[in-house]
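Listing of run.txt; format and content: compact mmCIF, C-alpha atoms.
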# COMPACT_ATOMS: atom_id res chain seq x y z
CA GLY Z 1 -47.73 -30.48 -49.76
CA ALA Z 2 -48.34 -26.76 -49.59
CA VAL Z 3 -45.74 -24.78 -47.67
CA VAL Z 4 -46.15 -21.47 -45.92
CA SER Z 5 -43.10 -19.57 -44.72
CA GLN Z 6 -42.73 -16.65 -42.35
CA HIS Z 7 -39.90 -14.19 -42.04
CA PRO Z 8 -38.34 -13.45 -39.70
CA SER Z 9 -38.76 -16.37 -37.33
CA TRP Z 10 -37.69 -14.25 -34.39
CA VAL Z 11 -37.34 -10.50 -34.04
CA ILE Z 12 -36.40 -8.19 -31.19
CA CYS Z 13 -37.22 -4.51 -31.50
CA LYS Z 14 -37.20 -1.46 -29.29
CA SER Z 15 -40.36 0.09 -27.95
CA GLY Z 16 -41.75 2.70 -30.34
CA THR Z 17 -40.34 1.17 -33.50
CA SER Z 18 -42.24 -0.73 -36.19
CA VAL Z 19 -41.61 -4.26 -37.38
CA LYS Z 20 -42.81 -6.07 -40.48
CA ILE Z 21 -43.54 -9.80 -40.64
CA GLU Z 22 -43.88 -11.57 -43.98
CA CYS Z 23 -46.03 -14.58 -44.77
CA ARG Z 24 -45.47 -16.37 -48.08
CA SER Z 25 -47.16 -19.28 -49.78
CA LEU Z 26 -44.25 -21.00 -51.51
CA ASP Z 27 -45.82 -23.32 -54.06
CA PHE Z 28 -49.41 -22.19 -54.36
CA GLN Z 29 -51.47 -19.04 -54.60
CA ALA Z 30 -53.68 -17.90 -51.77
CA THR Z 31 -56.36 -15.28 -52.17
CA THR Z 32 -57.06 -15.45 -48.46
CA MET Z 33 -54.57 -15.51 -45.60
CA PHE Z 34 -55.17 -15.28 -41.88
CA TRP Z 35 -53.13 -13.76 -39.07
CA TYR Z 36 -53.24 -15.22 -35.58
CA ARG Z 37 -51.62 -14.26 -32.30
CA GLN Z 38 -50.64 -16.74 -29.61
CA PHE Z 39 -49.76 -15.91 -26.02
CA PRO Z 40 -47.81 -18.43 -23.92
CA LYS Z 41 -49.97 -21.40 -22.97
CA GLN Z 42 -52.93 -19.80 -24.70
CA SER Z 43 -54.85 -20.60 -27.82
CA LEU Z 44 -54.31 -18.94 -31.18
CA MET Z 45 -56.49 -15.86 -31.51
CA LEU Z 46 -57.59 -14.77 -34.97
CA MET Z 47 -56.52 -11.18 -35.57
CA ALA Z 48 -57.55 -10.54 -39.14
CA THR Z 49 -58.40 -11.99 -42.51
CA SER Z 50 -56.24 -10.80 -45.37
CA ASN Z 51 -57.67 -10.82 -48.88
CA GLU Z 52 -55.51 -10.20 -51.93
CA GLY Z 53 -56.20 -6.83 -53.48
CA SER Z 54 -58.57 -5.58 -50.80
CA LYS Z 55 -58.55 -4.29 -47.26
CA ALA Z 56 -58.09 -6.74 -44.43
CA THR Z 57 -60.99 -7.62 -42.15
CA TYR Z 58 -60.06 -7.26 -38.48
CA GLU Z 59 -61.56 -9.13 -35.55
CA GLN Z 60 -63.26 -7.21 -32.80
CA GLY Z 61 -60.77 -5.64 -30.43
CA VAL Z 62 -57.83 -5.67 -32.87
CA GLU Z 63 -56.52 -2.19 -33.68
CA LYS Z 64 -56.25 -1.92 -37.44
CA ASP Z 65 -54.03 1.16 -37.25
CA LYS Z 66 -51.58 -0.69 -35.04
CA PHE Z 67 -51.52 -3.98 -36.93
CA LEU Z 68 -51.28 -3.04 -40.59
CA ILE Z 69 -51.94 -5.86 -43.03
CA ASN Z 70 -51.11 -5.77 -46.71
CA HIS Z 71 -51.88 -8.61 -49.12
CA ALA Z 72 -50.32 -7.22 -52.26
CA SER Z 73 -49.93 -10.46 -54.20
CA LEU Z 74 -51.34 -13.97 -54.29
CA THR Z 75 -48.29 -15.32 -52.46
CA LEU Z 76 -47.45 -12.63 -49.92
CA SER Z 77 -49.18 -11.03 -46.97
CA THR Z 78 -47.40 -8.75 -44.50
CA LEU Z 79 -48.23 -7.74 -40.94
CA THR Z 80 -46.64 -4.55 -39.66
CA VAL Z 81 -46.75 -3.87 -35.95
CA THR Z 82 -46.51 -0.09 -35.66
CA SER Z 83 -45.12 1.75 -32.65
CA ALA Z 84 -44.55 -1.54 -30.87
CA HIS Z 85 -44.78 -1.79 -27.10
CA PRO Z 86 -43.81 -4.60 -24.73
CA GLU Z 87 -47.42 -5.78 -24.53
CA ASP Z 88 -47.24 -6.52 -28.28
CA SER Z 89 -44.64 -9.20 -27.58
CA SER Z 90 -46.17 -12.44 -28.74
CA PHE Z 91 -46.02 -15.27 -31.25
CA TYR Z 92 -47.60 -14.29 -34.58
CA ILE Z 93 -48.75 -17.04 -36.93
CA CYS Z 94 -50.13 -16.77 -40.44
CA SER Z 95 -52.05 -19.29 -42.49
CA ALA Z 96 -53.09 -19.53 -46.12
CA ARG Z 97 -56.44 -20.87 -47.20
CA VAL Z 98 -56.16 -23.63 -49.78
CA SER Z 99 -59.71 -24.97 -49.79
CA SER Z 100 -63.02 -24.56 -48.01
CA TYR Z 101 -61.81 -26.76 -45.18
CA GLU Z 102 -58.06 -26.42 -45.10
CA GLN Z 103 -55.52 -23.81 -44.15
CA TYR Z 104 -51.76 -24.25 -44.21
CA PHE Z 105 -49.92 -22.61 -41.35
CA GLY Z 106 -46.58 -20.90 -41.22
CA PRO Z 107 -44.08 -21.75 -38.45
CA GLY Z 108 -44.70 -18.47 -36.65
CA THR Z 109 -42.73 -15.36 -35.74
CA ARG Z 110 -41.74 -14.58 -32.20
CA LEU Z 111 -41.75 -10.82 -31.52
CA THR Z 112 -40.05 -9.43 -28.45
CA VAL Z 113 -40.37 -5.71 -27.76
CA THR Z 114 -37.90 -4.29 -25.28
CA GLY F 115 -69.53 -16.15 -29.81
CA ASN F 116 -67.62 -19.26 -30.73
CA SER F 117 -65.38 -21.03 -28.25
CA VAL F 118 -63.45 -24.28 -27.91
CA THR F 119 -62.52 -25.94 -24.64
CA GLN F 120 -59.99 -28.73 -24.49
CA MET F 121 -58.32 -30.52 -21.63
CA GLU F 122 -55.27 -28.83 -20.21
CA GLY F 123 -51.96 -30.56 -20.38
CA PRO F 124 -49.42 -31.79 -20.29
CA VAL F 125 -50.72 -35.28 -20.77
CA THR F 126 -48.06 -37.92 -20.19
CA LEU F 127 -48.59 -41.49 -21.37
CA SER F 128 -46.51 -44.57 -21.92
CA GLU F 129 -45.97 -45.91 -25.41
CA GLU F 130 -48.85 -48.10 -26.66
CA ALA F 131 -51.31 -46.55 -24.21
CA PHE F 132 -54.80 -45.44 -25.26
CA LEU F 133 -55.20 -41.71 -25.82
CA THR F 134 -58.21 -39.47 -25.37
CA ILE F 135 -58.03 -35.69 -25.53
CA ASN F 136 -61.39 -34.09 -24.79
CA CYS F 137 -62.73 -31.18 -26.80
CA THR F 138 -66.08 -29.41 -26.49
CA TYR F 139 -67.30 -26.39 -28.37
CA THR F 140 -69.82 -23.59 -28.42
CA ALA F 141 -70.87 -22.23 -31.78
CA THR F 142 -73.77 -20.85 -33.70
CA GLY F 143 -75.11 -22.84 -36.60
CA TYR F 144 -73.31 -25.91 -37.85
CA PRO F 145 -69.54 -25.51 -37.52
CA SER F 146 -66.82 -27.60 -39.07
CA LEU F 147 -64.46 -29.16 -36.55
CA PHE F 148 -60.73 -29.80 -36.77
CA TRP F 149 -57.78 -31.22 -34.91
CA TYR F 150 -54.39 -29.70 -35.64
CA VAL F 151 -51.01 -30.96 -34.45
CA GLN F 152 -47.86 -28.93 -33.87
CA TYR F 153 -44.54 -30.72 -33.66
CA PRO F 154 -41.61 -28.90 -32.04
CA GLY F 155 -40.30 -26.13 -34.27
CA GLU F 156 -42.94 -26.63 -36.94
CA GLY F 157 -46.17 -24.96 -37.98
CA LEU F 158 -49.62 -26.36 -37.25
CA GLN F 159 -50.66 -29.26 -39.46
CA LEU F 160 -54.18 -30.45 -40.07
CA LEU F 161 -54.60 -33.87 -38.46
CA LEU F 162 -58.26 -34.55 -39.22
CA LYS F 163 -61.58 -32.84 -39.75
CA ALA F 164 -65.34 -33.39 -39.69
CA THR F 165 -67.79 -31.11 -41.42
CA LYS F 166 -71.18 -32.32 -40.19
CA ALA F 167 -72.79 -34.15 -37.30
CA ASP F 168 -71.86 -37.82 -36.87
CA ASP F 169 -68.94 -37.53 -39.29
CA LYS F 170 -65.79 -39.30 -38.16
CA GLY F 171 -62.44 -37.83 -39.11
CA SER F 172 -59.42 -40.11 -39.09
CA ASN F 173 -55.74 -39.94 -39.95
CA LYS F 174 -52.53 -41.66 -38.80
CA GLY F 175 -54.48 -43.83 -36.36
CA PHE F 176 -56.21 -40.86 -34.75
CA GLU F 177 -60.00 -40.55 -34.81
CA ALA F 178 -62.60 -38.02 -33.71
CA THR F 179 -66.38 -38.06 -34.12
CA TYR F 180 -68.51 -34.93 -34.47
CA ARG F 181 -71.12 -35.25 -31.72
CA LYS F 182 -73.69 -32.49 -32.06
CA GLU F 183 -75.79 -33.68 -29.12
CA THR F 184 -72.87 -33.30 -26.73
CA THR F 185 -71.07 -30.55 -28.73
CA SER F 186 -67.90 -32.61 -28.58
CA PHE F 187 -65.08 -33.72 -30.85
CA HIS F 188 -62.81 -35.86 -28.69
CA LEU F 189 -59.53 -37.09 -30.17
CA GLU F 190 -58.63 -40.76 -29.69
CA LYS F 191 -55.85 -43.14 -30.63
CA GLY F 192 -55.66 -46.76 -29.68
CA SER F 193 -51.91 -47.10 -29.28
CA VAL F 194 -49.69 -44.03 -29.09
CA GLN F 195 -46.05 -43.84 -30.11
CA VAL F 196 -43.20 -41.64 -28.96
CA SER F 197 -43.42 -39.83 -32.31
CA ASP F 198 -46.94 -38.67 -31.40
CA SER F 199 -45.47 -36.30 -28.80
CA ALA F 200 -46.65 -32.84 -29.84
CA VAL F 201 -49.19 -30.14 -29.05
CA TYR F 202 -52.73 -30.87 -30.24
CA PHE F 203 -55.25 -28.11 -30.96
CA CYS F 204 -58.98 -28.53 -31.37
CA ALA F 205 -60.56 -25.88 -33.60
CA LEU F 206 -63.81 -24.93 -35.25
CA ARG F 207 -64.92 -22.83 -38.15
CA SER F 208 -68.42 -21.54 -38.54
CA GLY F 209 -69.75 -19.87 -41.62
CA GLY F 210 -68.24 -20.09 -45.04
CA GLY F 211 -64.81 -21.17 -46.18
CA ALA F 212 -63.34 -17.70 -45.84
CA ASP F 213 -63.66 -17.66 -42.07
CA GLY F 214 -60.72 -17.99 -39.73
CA LEU F 215 -60.55 -20.65 -37.05
CA THR F 216 -61.38 -20.56 -33.35
CA PHE F 217 -58.87 -22.63 -31.40
CA GLY F 218 -58.70 -24.32 -28.04
CA LYS F 219 -55.67 -23.68 -25.85
CA GLY F 220 -53.84 -26.77 -27.00
CA THR F 221 -52.88 -29.95 -25.18
CA HIS F 222 -49.24 -30.91 -24.85
CA LEU F 223 -48.91 -34.67 -25.24
CA ILE F 224 -45.78 -36.42 -24.00
CA ILE F 225 -45.27 -40.09 -24.81
CA GLN F 226 -42.61 -41.92 -22.83
CA PRO F 227 -40.91 -45.05 -24.17
The structure in this file should be written as structure tokens.
Amino acid sequence: GAVVSQHPSWVICKSGTSVKIECRSLDFQATTMFWYRQFPKQSLMLMATSNEGSKATYEQGVEKDKFLINHASLTLSTLTVTSAHPEDSSFYICSARVSSYEQYFGPGTRLTVT
Amino acid sequence: GNSVTQMEGPVTLSEEAFLTINCTYTATGYPSLFWYVQYPGEGLQLLLKATKADDKGSNKGFEATYRKETTSFHLEKGSVQVSDSAVYFCALRSGGGADGLTFGKGTHLIIQP
């Protein structure tokens, strides 16, 4: 089946620095990828929709200048958390759309900002 | 806006017990409904789906029926196994295929031998 990977799986960074998270579709091409954020014991919250070759579409309340998304190729989307603060610590999950009704999810990236 | 409400966990059952995890939703229009499962250390996997009212999704012994009149999509399995221990997420998608999903909080299922 289709596989989506994320790198890194866990990252610790200092407050004020930026960190980039990669999401790759390993054996298929995805024109659309999604980024979600999950707090402990909470549901996944959709942050943005990433479309290859165009600007990402952000959900209401998500700061696009803080969470920069780039979908430069059909197999790679990146999420950069700029000027990270402790409140940005969370579990970030990406998914790649493979059909009208199916998305394949990556294993997630745990970000800890100290 | 869209929302999904599912029973809080953890839910602990003995092997071979009957499982029900409740899920209700609020959405505009006619959403598609999904159950995803997340095993420890792995990404979410689609378990089953239903795209219109009265559809029944099924997979690996799990079933869920899209009930528009009660806005529900409860997950059931007749006889659970230890290997079914995981976190289960109910989700919906309204609109076209390019839309992201709205998830419930997830239900942690623990099956004891």
Write out as a ChimeraX atom specification every residue belonging to chain F that has an atom at most 10 Å from any atom of chain Z, counting all atoms listed in the file. /F:118-119,122-123,146-148,152,154-160,163-165,203-205,207,210-222
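The interatomic distance for the pair atom CA of F:Leu127 and atom CA of F:Lys191 works out to 11.9 Å.
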What does the distance from atom CA of Z:Pro86 to atom CA of Z:Gln60 come to in Å, to one decimal? 21.2 Å
To one decimal in Å, tell me the separation between atom CA of Z:Leu76 and atom CA of F:Ala200.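 Calculated distance between atom CA of Z:Leu76 and atom CA of F:Ala200 is 28.5 Å.
With distances taken over all atoms listed in the file, Z:Ser73 is the one residue among Z:Ser89, Z:Ser73, Z:Thr78, Z:Ser54 lying closest to Z:Ala30.
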Please return as JSON, numbers by chain every residue within 6 Å of (-59.2, -37.3, -39.9), taking into account only C-alpha atoms and the file's own coordinates. {"F": [161, 162, 163, 171, 172, 173]}
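Comparing F:Gln226, F:Ser117, F:Ser193, F:Thr142 by their smallest distance to F:Glu177, the closest is F:Ser193 (using only C-alpha atoms).
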Contacts of Z:Val19 within 7 Å, all atoms listed in the file, excl. fewer than 2 positions in-chain, as a count of residues only: 5
Judged by all atoms listed in the file, the minimum distance to F:Phe132 among F:Ser197, F:Glu190, F:Lys174, F:Leu206 is found for F:Glu190
